[in-house]
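Data first, discussion second: the structure below is written as C-alpha cells.
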Protein chains: 4
Amino acid sequence: MTATFPARPGWAQGGAATGANYTADASAPPWRSGSAERPLQPVNLLELEEAAARVIPAAGFDYIAGGAGDEWTLRENRAAFERRQIVQRVLTGKVVADTATEILGTPIALPTIVAPMGGQAIAHVSAEAGTARGAAAAGTLHTVSTVATLSLEDAARAADGPKWFQIYLTRDDGFNAELLQRARAAGYGAIVLTVDVPIVGNRERDRRNGFVYPPAAAPRNFLDAAGRLRPIERAFQPRLDADSIAFVRRHGGLPVVVKGIATAEDALLALDAGAAAIQVSNHGGRQLDGAPAAFTVLPEVAAAVQGRVPLILDGGIRRGADVFKALASGADVVALGRPVLYGLALGGWQGVQSVFQHLEDELRTVMQLAGAATVADIRRTRLYG
Amino acid sequence: MTATFPARPGWAQGGAATGANYTADASAPPWRSGSAERPLQPVNLLELEEAAARVIPAAGFDYIAGGAGDEWTLRENRAAFERRQIVQRVLTGKVVADTATEILGTPIALPTIVAPMGGQAIAHVSAEAGTARGAAAAGTLHTVSTVATLSLEDAARAADGPKWFQIYLTRDDGFNAELLQRARAAGYGAIVLTVDVPIVGNRERDRRNGFVYPPAAAPRNFLDAAGRLRPIERAFQPRLDADSIAFVRRHGGLPVVVKGIATAEDALLALDAGAAAIQVSNHGGRQLDGAPAAFTVLPEVAAAVQGRVPLILDGGIRRGADVFKALASGADVVALGRPVLYGLALGGWQGVQSVFQHLEDELRTVMQLAGAATVADIRRTRLYG
Amino acid sequence: MTATFPARPGWAQGGAATGANYTADASAPPWRSGSAERPLQPVNLLELEEAAARVIPAAGFDYIAGGAGDEWTLRENRAAFERRQIVQRVLTGKVVADTATEILGTPIALPTIVAPMGGQAIAHVSAEAGTARGAAAAGTLHTVSTVATLSLEDAARAADGPKWFQIYLTRDDGFNAELLQRARAAGYGAIVLTVDVPIVGNRERDRRNGFVYPPAAAPRNFLDAAGRLRPIERAFQPRLDADSIAFVRRHGGLPVVVKGIATAEDALLALDAGAAAIQVSNHGGRQLDGAPAAFTVLPEVAAAVQGRVPLILDGGIRRGADVFKALASGADVVALGRPVLYGLALGGWQGVQSVFQHLEDELRTVMQLAGAATVADIRRTRLYG
Amino acid sequence: MTATFPARPGWAQGGAATGANYTADASAPPWRSGSAERPLQPVNLLELEEAAARVIPAAGFDYIAGGAGDEWTLRENRAAFERRQIVQRVLTGKVVADTATEILGTPIALPTIVAPMGGQAIAHVSAEAGTARGAAAAGTLHTVSTVATLSLEDAARAADGPKWFQIYLTRDDGFNAELLQRARAAGYGAIVLTVDVPIVGNRERDRRNGFVYPPAAAPRNFLDAAGRLRPIERAFQPRLDADSIAFVRRHGGLPVVVKGIATAEDALLALDAGAAAIQVSNHGGRQLDGAPAAFTVLPEVAAAVQGRVPLILDGGIRRGADVFKALASGADVVALGRPVLYGLALGGWQGVQSVFQHLEDELRTVMQLAGAATVADIRRTRLYG
C-alpha cells in the first residue's frame, strides 16, 4: 500500500528543499562545521544558540534551529513553561542530595537524556561520536538517530555510556528489520520508534535555503552495498499504528520507546501495543505547526498512562527550571535536543558534557530553592499557575 | 423607502474616498496592474502579500489588503486561529487519501473555494477571467462578484469550472431581477447574496488614498445601454431581511448562499427564508471593525444551524492549518479571498492555481500529522484550547 | 476641618508643577494656542491628537493629553473597549433612522455630549466659547468647567445650545453657593458635581514640564473683585459625601449630575442623596492611576442603579464603536473630552462640530452593521466577549 | 552534615562570578560609588534606577538591579501589581488623616520599611549609615544585613531610629550565636532570619560581569580577629527548618521575622516555630527565577496565617499604589529595597529620606482617591480584578 501524496512536483514531495533530502551532491563545496574540542562555561543554554550560529554554516544552523510553518509551536514549546511557576519552599530542612534517577532500568546522573537528532556532522566534525562521548562523560544516556551521520555501529562504538537507537520505519520492512537487528547487535539498550514523521513537516527555512544534507553529513545507515546513498525520504512509512510497534518489538527484541505522542488516545494505543515507555514530543516544533506545546499536553498523557510506563518529555527544555516543571507535571525524564548540538558545535564532546553539567547546576539550584532533595521529591512538588 | 444617512457631505455618503466609488474618471493615468503569467512556488501564502504590494499600485493594494477602522477585526480574523490548536495524532494507521469534498452538490478537489471579490483588474490584467481559469485548474469553485471588472457573462465564459454569482442588492429591484436572470442564463450554479454591506464600512486606507476604482477596473455589470457606468454605491439596498432572500430565490431560480452571517439569530433568519447555505463572514474585516473574528463566531452559527445546510467560512484563511481548524469547528468548506488576488497579481491564472495547490499541500501535511485521511475525518477531529 | 496633607513642600501640596496651579504669572511669554476656524475632515478622531500636538504648546498639550502616574488607567480606558466586541447583525430589515436621544429631558442629536474641561484657552483662542458654539452646531450639549478660562456667564452667552455647569466644591461654602447661583442665573440646565478630585492626581508630565496655567487661560470664575486670581487648588474641598450633593441641590436649584462614580457603593450614595444622573468616570485617567477603566466598571454601576437615573460614561471614547459599546453596556449617553479640545485647537467651533459629526458618521455605520436603527436599539444589543 | 553540591568548579560553587563572592581583592582599583548628599525630588521612584545607573559602577549596579536567570520573576514582581486595580471611592466623606502604623510594636510614619540589603558601600560612601539616617529621618524602620559593609555595631550607631538585624545562618553555629548576641547588644529590635538563600541564586549578570564585592564594600561582620575576611558563601547553611528559627529565637532573645516565605506550608512551619512576623518575599527575584510574584502568593500566605502574626511583603514595590494594593491584600507593611539604594546612591541619607517621602506622597494621593483615611482603612478595601 502506498500513500497518495500529490503527484505534482513540490515541497510536499521532498523536492529540492525539504530539509529531509539526503541525496549527497558530490560537487558541493566542503562543509565547514565546528571542530573545537573544549569545555564550555555557558551563562545559560539559551546563549549557546547565538554562539553556535557563528560556527555552523547558515543553512545547517537553520535546519537545526528552525521549526515548521510559522514556528508557532517551536516558540510555544518554550512559552508554555512560563505559564506555570515553581513555588519557593525553604523551610523543609532538605538539602539537595542527588539528581540521579533511572530510565528503563538504566541509571543516569541527572533526569535529562539526549534526544535523537540526525546528521550531527552538520554541527561538528565528531558528529554522533562527540555526542556519545559527552553524554557518557556527563553520566547520561544518548539516543542515536536512524539518520545519524555515523553508522549505528560506529556511533555505538564511540563511547561506553548507555545508548538507545531511534528508528524511522521505511516502506521496506526488510531494511527495517535489518536496522533493528544491527541495533541490537551493536548493544543499544532500547529502540525509540519515532511516530510523528509520517510525512516531513513544512520546514520553511529549509525550503528558503534549498537545504540538503551535505555529503559530509550523509546518513551512513543508508549507504548501499556499493557505498551509495539509498533514497530515503520517500521511503518513509506514513502508515503507523499498533502493528508498527509490534514489528519493532519483534525484530528489535528490545524495549520500545514510542516517541511523538501528544494525546491520550495515541498514548493508550502505544500502551496496548506494548510500548515500554512513551516520549511526549512534537518533534521540537518541526512537524505540525499549530500543535500545543509538548509541556501543555504532558498532563493529558500522564493522566492516561497512570504511571504504567515511564514518560519522557522533549520540546523546549533550556533551563533547570524547565526540567523541574516537566518532572513535577508527570515526566520521568526529559530529553534535550538542540542545546546538545550547540554544545557539540562549540566544544565537541566536552561541549556536550558542559551542557549537561550546566543544566544539572541549574537544576540543583532550583531543587534547593523548591525544597526538593531528590528527583523523587521533584515529582511530588505542586506547581503554581 | 430610503435610508436616512446624514445629509451633509462626508465619507459615510460615499464621497471621494470610500473605496466603493466606482465613478470612472477618464482623465486618470493608466492603471498598471500585474500582467505576469506563471506558476508560483510560494513558501507560504503570507509572503505573497508583500510580493503583491510591489506589483499592484499602492492605492489598489491598500484597497485589497485593508480593513475597516483600526483593522482590529482584520487582524483578529487571523489571531483567532492561533487560540485553538491541532493535536498531533500519529498512531491511527491512516494515510491521507484525499482532500476532495463537495458543496451544494458540486465536487471540488479541496475544501477551499474562491470568495467573491470585485474589480479584479486592480490586481491583474486578466481580472476575473484569470481567477476563474486558475480556480478551475485547481479543481475548485469560484465566485464572481457583482462588482467584478468583467461582465458576469464574460467571467462565466472564461473557464468551465464550477462558479457562483455574488449579488449585492441595489434599490432597483428591476435591475436586481435582471442581474439574477443574467446569472442563471450564464450558467452560474448558485447565487451568493451578500448581506453584510448594507452600508460600506469605514475603510480608512481608502479615504486617505482618495481611492476610486480606476476606469480599467470599473464594474461592467453596471454599464448602462450607452456604455456609461450607473451610480452604484448609493444604490445599494441597506434594508435586508428574509424578503431579500426570498426575492433572490424567486428571481434567480438557484440555490442561495447567504454570505455575511455572524450570529445564531441571523443564521436562523436565513434558514427560515430558505437559504441553501450560509457563509460565515465579516467581509474580511472590511465592514464592522470591532466585530469578533469569523472563526470565533463559527461555533455559535454551527450550533444554531445544526447541519441543516452547509456552512462556508471566510476570513483570515492563510494556512492549511486554518482550513483544518475551520472544518473541525463546523465549516464544510472555507473561502479564500486576498491570497487569491495576490496569486493573480503575481502570476495570472497560474498564480491562482499555485495558491490553491500550495494550500492543498499544507492541508495534506496537517491532515497526515493529525490523523485525518479525508475531509470527513477532519470534521470529526477535536481541537485543543 | 481641614485635610492633613503633608506639610513639607512637594507636589502633593500643589507646588510649582501640579498642573492645577492657576497662579497667573504676568511675566510669562504670550501663549500661542490654536486660532484656526475651519471644518475638519478627520479620517478618525485618534489622528487628531498628533495634529493638535503641533498646534498647542507642548506643556499645554501634555496637560491635556496626559494622565496620572504611569498612565496605565489612561491607556486602559481605551484598551477595555477592545475586550468586548460588537456582533454583526444584518438580516433585521432595520435601517438607521436616527441617532437622537435625550438626557435629563434635553433632546440631543447624538448620544454624545461634551465633558467638562478647564482652561480651554490653552487649546484655542476662542476657549469655551468655541466649544459651546461647536457643540450647539452639532446638536449636542456641552458642560462648562468651574475652571473654564471664560467666566460661566461668558461661556453661557457664547451659544444657545443646551449647557450644564460643572462645579468643584471649594472649602469656601459662600463662594460655592455664589457660583451655583450664578450658574442658575446664567441659564445652565444642570449642575455637574465632580467628586473625583478631592486631591489633584499625580500628573507626572505636568511636574516634569513645570506646567502652570498661562495667564491667558486663567479661570475667570476665580477672579476676585480686584481682578486678581484667588488661590484655587488648596481651596478644593477634599471631603465629599451625601451632604455635598445636598448642598449643590439646595444652592443650585438644578438637577445634579454626580461625576466621578466608579463603584456601586458610591453610586448608591449618590442616588440616596438625590443625584439626578450619574457620570461614571475616572477623570480620563488623570486621577487614580491603576483604577480600572471607566468602561470596565460601568456594568457594576448600572446594576446598582437599575435605571433609576440616567448614566453618563466618559473615558476613552474615540470611535463610534466605543459609543455603541458603552450604550449597550448600560450608559444612556457618553461624554467626550480630549478629542473635543483637539478639534477646537485645530478648527475652532467648526472643528468641534466636525468632531461630533465624524463620531456620528462612525456611529451610524456601526449601528447599521449591528442592526440597530435607533439609540434605543443599541441599548438592547448584546455584546460579545 | 554537609550539602552535596557538585564537586566540579562552576558557578554553583561560588566561583569567580557569583555575585556572592566576598573575597576582597586588594589589587582592585578603587571603587567609585555615589557621594552626593542632597534631597531628591523624583517624579517617581522608577526613574531613580536610570539615574543611579549613572552613579554606581556598572557591575555594582547590575548586582543591585539584577535578578536570577531570565529575570522573569524580577519583572513579574512588578507585573503582578498591574493585574489588580484600586477602585476609586470618593463619596465616603473621608479625608486622609494619617499613614502611620506600627510593626511588632514599633510605630512608623508610613507602612513601608527598609528591606535588608548587603554591601551598601557599593552604592554610596556612607553605606548603611546613610540608609539608617535617611530611614530615621523619614520616620521608619530599617533592616541591617548580615553582609552589610558596616559592622552591625557601626550601622546601629548611625542613627537612633528603629532597626532590625537580618541574619543568614552560616554552618558555624558559634559564629551565628555570636552575631545574634552582638545584634541584641547593639540595640536591634528584632532579628530577620532570611530563609530563601540556602544557595545563592543564578545571578547571570554577576557571572557575566565577574562581579565580586569590592574591598570597600566588604562585609565587616565577617572580619576575623586579624582583620581578614572569613570565607562566606560556602559557609552558608543550606539546611533551614523550624530548628533554625528556634536557634535564632534562643540566641537572639528577640522577636524573629522569618523572611522568604512564599507558601502556606512554609508560613505554617514558621508560625509553629514561633515566628513573630512573616516576610513574604522571593528575594527580589534574585533567587528562584520562575517563582510567582511575591504579591501573587501573598493571599495564600495571608489565608494560612489568619492574622496570627503580622505580614511584611517585599518585591516590586515602586508606587504608592503598590503599597496600597499590598496592604489591601493582607500585608501589614511592605519593605522597600532597590529604590532605597538608588536614593542612597544619588543623595546619601537625604536621598533615602526623599524616597520615603515621595512614596508617602503617592500613597496619600491614592488613599484619598480610594476613600481610605488611615492604614486600617486600606486593609479593609476591596481591590478589583
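Here's how to read the names in the C-alpha cells: chain A, B, ... by the order shown, residue numbers from 1 in each chain, ligand numbers from 1 in the order shown.
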
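Within 6 Å of stretch 108-110 of chain D there are Thr99, Ala100, Thr101, Glu102, Gly139 and Thr140 of chain D, counting only C-alpha atoms and ignoring same-chain residues fewer than 4 positions away.
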
Chain A near chain B within 8 Å: what's each residue's closest atom pair and its distance in Å to one decimal, counting only C-alpha atoms, ordered by chain then ascending residue number, as JSON lines?
```
{"residue": "A:Ala3", "atom": "CA", "partner": "B:Val95", "partner_atom": "CA", "distance": 6.0}
{"residue": "A:Thr4", "atom": "CA", "partner": "B:Ala97", "partner_atom": "CA", "distance": 5.8}
{"residue": "A:Phe5", "atom": "CA", "partner": "B:Val96", "partner_atom": "CA", "distance": 7.2}
{"residue": "A:Pro6", "atom": "CA", "partner": "B:Asp361", "partner_atom": "CA", "distance": 7.5}
{"residue": "A:Ala12", "atom": "CA", "partner": "B:Asp361", "partner_atom": "CA", "distance": 6.1}
{"residue": "A:Val195", "atom": "CA", "partner": "B:Val90", "partner_atom": "CA", "distance": 6.1}
{"residue": "A:Asp196", "atom": "CA", "partner": "B:Val90", "partner_atom": "CA", "distance": 5.8}
{"residue": "A:Val197", "atom": "CA", "partner": "B:Leu369", "partner_atom": "CA", "distance": 7.7}
{"residue": "A:Pro198", "atom": "CA", "partner": "B:Gln368", "partner_atom": "CA", "distance": 7.0}
{"residue": "A:Ile199", "atom": "CA", "partner": "B:Thr365", "partner_atom": "CA", "distance": 6.8}
{"residue": "A:Val200", "atom": "CA", "partner": "B:Thr365", "partner_atom": "CA", "distance": 7.9}
{"residue": "A:Gly201", "atom": "CA", "partner": "B:Thr365", "partner_atom": "CA", "distance": 6.8}
{"residue": "A:Asn202", "atom": "CA", "partner": "B:Glu362", "partner_atom": "CA", "distance": 7.5}
{"residue": "A:Glu204", "atom": "CA", "partner": "B:Val43", "partner_atom": "CA", "distance": 6.3}
{"residue": "A:Arg207", "atom": "CA", "partner": "B:Val43", "partner_atom": "CA", "distance": 7.1}
{"residue": "A:Arg208", "atom": "CA", "partner": "B:Val43", "partner_atom": "CA", "distance": 7.2}
{"residue": "A:Pro238", "atom": "CA", "partner": "B:Val95", "partner_atom": "CA", "distance": 6.3}
{"residue": "A:Arg239", "atom": "CA", "partner": "B:Gly93", "partner_atom": "CA", "distance": 4.9}
{"residue": "A:Leu240", "atom": "CA", "partner": "B:Gly93", "partner_atom": "CA", "distance": 4.8}
{"residue": "A:Asp241", "atom": "CA", "partner": "B:Leu91", "partner_atom": "CA", "distance": 4.4}
{"residue": "A:Ala242", "atom": "CA", "partner": "B:Leu91", "partner_atom": "CA", "distance": 7.0}
{"residue": "A:Gly260", "atom": "CA", "partner": "B:Val90", "partner_atom": "CA", "distance": 7.7}
{"residue": "A:Ile261", "atom": "CA", "partner": "B:Val90", "partner_atom": "CA", "distance": 7.5}
{"residue": "A:Ala262", "atom": "CA", "partner": "B:Gln88", "partner_atom": "CA", "distance": 5.9}
{"residue": "A:Thr263", "atom": "CA", "partner": "B:Arg89", "partner_atom": "CA", "distance": 7.0}
{"residue": "A:Asp266", "atom": "CA", "partner": "B:Leu91", "partner_atom": "CA", "distance": 5.8}
{"residue": "A:Leu269", "atom": "CA", "partner": "B:Leu91", "partner_atom": "CA", "distance": 7.1}
{"residue": "A:Ala270", "atom": "CA", "partner": "B:Leu91", "partner_atom": "CA", "distance": 7.8}
{"residue": "A:Asn282", "atom": "CA", "partner": "B:Gln88", "partner_atom": "CA", "distance": 7.4}
{"residue": "A:Gln287", "atom": "CA", "partner": "B:Leu369", "partner_atom": "CA", "distance": 7.6}
{"residue": "A:Leu288", "atom": "CA", "partner": "B:Leu369", "partner_atom": "CA", "distance": 6.4}
{"residue": "A:Asp289", "atom": "CA", "partner": "B:Ala321", "partner_atom": "CA", "distance": 8.0}
{"residue": "A:Gly290", "atom": "CA", "partner": "B:Gln85", "partner_atom": "CA", "distance": 5.4}
{"residue": "A:Ala291", "atom": "CA", "partner": "B:Ile86", "partner_atom": "CA", "distance": 5.0}
{"residue": "A:Pro292", "atom": "CA", "partner": "B:Gln85", "partner_atom": "CA", "distance": 5.8}
```

Exercise. Would you return as a PyMOL selection string the members of stretch 37-185 of chain A that DSSP assigns to strand (DSSP E) on this structure's backbone?
Key: chain A and resi 85-86+101-103+106-108+112-114+142-144+163-167

Any chance you could export the current selection's C-alpha atoms as an mmCIF file, in the first residue's frame?
```
data_model
loop_
_atom_site.group_PDB
_atom_site.id
_atom_site.type_symbol
_atom_site.label_atom_id
_atom_site.label_comp_id
_atom_site.auth_asym_id
_atom_site.auth_seq_id
_atom_site.Cartn_x
_atom_site.Cartn_y
_atom_site.Cartn_z
ATOM 1 C CA GLN A 85 5.598 28.562 38.211
ATOM 2 C CA ILE A 86 7.715 26.843 40.813
ATOM 3 C CA THR A 101 17.489 8.674 38.536
ATOM 4 C CA GLU A 102 16.951 5.819 36.105
ATOM 5 C CA ILE A 103 15.038 5.186 32.921
ATOM 6 C CA THR A 106 19.426 2.408 33.250
ATOM 7 C CA PRO A 107 20.849 4.637 35.985
ATOM 8 C CA ILE A 108 21.605 8.194 34.875
ATOM 9 C CA THR A 112 17.938 14.540 31.250
ATOM 10 C CA ILE A 113 18.972 12.441 28.278
ATOM 11 C CA VAL A 114 19.967 13.196 24.690
ATOM 12 C CA HIS A 142 22.074 9.285 24.419
ATOM 13 C CA THR A 143 19.900 8.305 21.502
ATOM 14 C CA VAL A 144 21.353 7.717 18.066
ATOM 15 C CA LYS A 163 22.538 4.363 24.423
ATOM 16 C CA TRP A 164 19.297 3.876 22.573
ATOM 17 C CA PHE A 165 18.708 3.623 18.848
ATOM 18 C CA GLN A 166 15.986 5.699 17.207
ATOM 19 C CA ILE A 167 14.234 4.322 14.150
#
```

Quiz item: What is the distance between atom CA of A:Leu344 and atom CA of A:Val280, in Å to one decimal?
Solution: 24.4 Å

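One distance worth recording is that between atom CA of A:Pro231 and atom CA of A:Leu152, which is 18.1 Å.
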
Exercise. Work out how far atom CA of D:Arg338 is from atom CA of D:Ala65, in Å to one decimal.
Key: 7.0 Å

Quiz item: stretch 330-337 of chain C: which residues within 6 Å, counting only C-alpha atoms, same-chain residues fewer than 2 positions away excluded, as a PyMOL selection string?
Solution: chain C and resi 111-115+302+310-314+326-328+339-340

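Of the residues in stretch 183-225 of chain D, those given alpha helix (DSSP H) by DSSP on the backbone are Ala183, Arg184, Ala185, Glu204, Arg205, Asp206, Arg207, Arg208 and Asn209 of chain D.
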
What does the file look like for those residues with C-alpha atoms, as a PDB file, in the first residue's frame?
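again.pdb, freshly written:
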```pdb
ATOM      1  CA  ALA D 183      22.822  42.313  67.433  1.00  0.00           C
ATOM      2  CA  ARG D 184      20.916  42.275  70.695  1.00  0.00           C
ATOM      3  CA  ALA D 185      23.674  44.151  72.425  1.00  0.00           C
ATOM      4  CA  GLU D 204      23.640  35.830  35.378  1.00  0.00           C
ATOM      5  CA  ARG D 205      24.553  39.490  35.247  1.00  0.00           C
ATOM      6  CA  ASP D 206      27.071  38.940  38.014  1.00  0.00           C
ATOM      7  CA  ARG D 207      28.553  35.950  36.263  1.00  0.00           C
ATOM      8  CA  ARG D 208      28.910  37.901  33.036  1.00  0.00           C
ATOM      9  CA  ASN D 209      30.497  40.785  34.904  1.00  0.00           C
TER      10      ASN D 209
END
```

Just the residues within 12 Å of C:Asn221, please, counting only C-alpha atoms, with nothing from its chain fewer than 4 positions along; format it as a short mmCIF file (atom, residue, chain, number, x, y, z; two decimals) with C-alpha atoms, in the first residue's frame.
```cif
data_model
loop_
_atom_site.label_atom_id
_atom_site.label_comp_id
_atom_site.auth_asym_id
_atom_site.auth_seq_id
_atom_site.Cartn_x
_atom_site.Cartn_y
_atom_site.Cartn_z
CA TYR C 22 -3.59 78.56 38.46
CA GLY C 118 -10.94 73.60 32.23
CA GLY C 119 -8.79 76.33 30.72
CA VAL C 144 -18.64 74.28 31.22
CA SER C 145 -15.95 73.72 33.84
CA THR C 146 -15.56 75.64 37.09
CA VAL C 147 -12.02 76.35 35.94
CA ALA C 148 -13.01 77.38 32.43
CA THR C 149 -10.98 80.22 31.02
CA LEU C 150 -14.17 82.19 30.40
CA SER C 151 -16.47 83.20 33.20
CA LEU C 152 -19.51 80.99 33.40
CA GLU C 153 -21.63 83.89 32.18
CA ASP C 154 -19.48 84.49 29.09
CA ALA C 155 -19.40 80.77 28.34
CA PHE C 165 -22.20 73.82 34.62
CA GLN C 166 -19.57 71.68 36.31
CA ILE C 167 -18.53 72.54 39.85
CA TYR C 168 -15.61 71.65 42.08
CA PHE C 175 -18.11 81.01 47.18
CA ASN C 176 -19.62 77.63 46.26
CA GLU C 178 -22.35 82.04 44.78
CA LEU C 179 -21.09 80.00 41.84
CA LEU C 180 -24.19 77.83 41.91
CA ARG C 182 -24.57 82.43 39.09
CA ALA C 183 -24.86 79.18 37.10
CA ALA C 217 -6.08 80.61 30.26
CA ALA C 225 -13.26 91.90 42.94
CA GLY C 227 -9.45 91.26 39.10
CA ARG C 228 -6.85 89.06 40.80
CA LEU C 229 -6.99 85.28 40.80
CA ARG C 230 -7.96 83.74 44.12
CA PRO C 231 -5.79 80.76 45.15
CA ILE C 232 -7.61 77.74 43.89
#
```

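Close contacts of D:Leu346, defined as residues with an atom at most 7 Å away when counting only C-alpha atoms, with chain neighbours fewer than 4 positions off set aside, comprise Gly34, Ala36, Ala52, Tyr342 and Gly351 of chain D.
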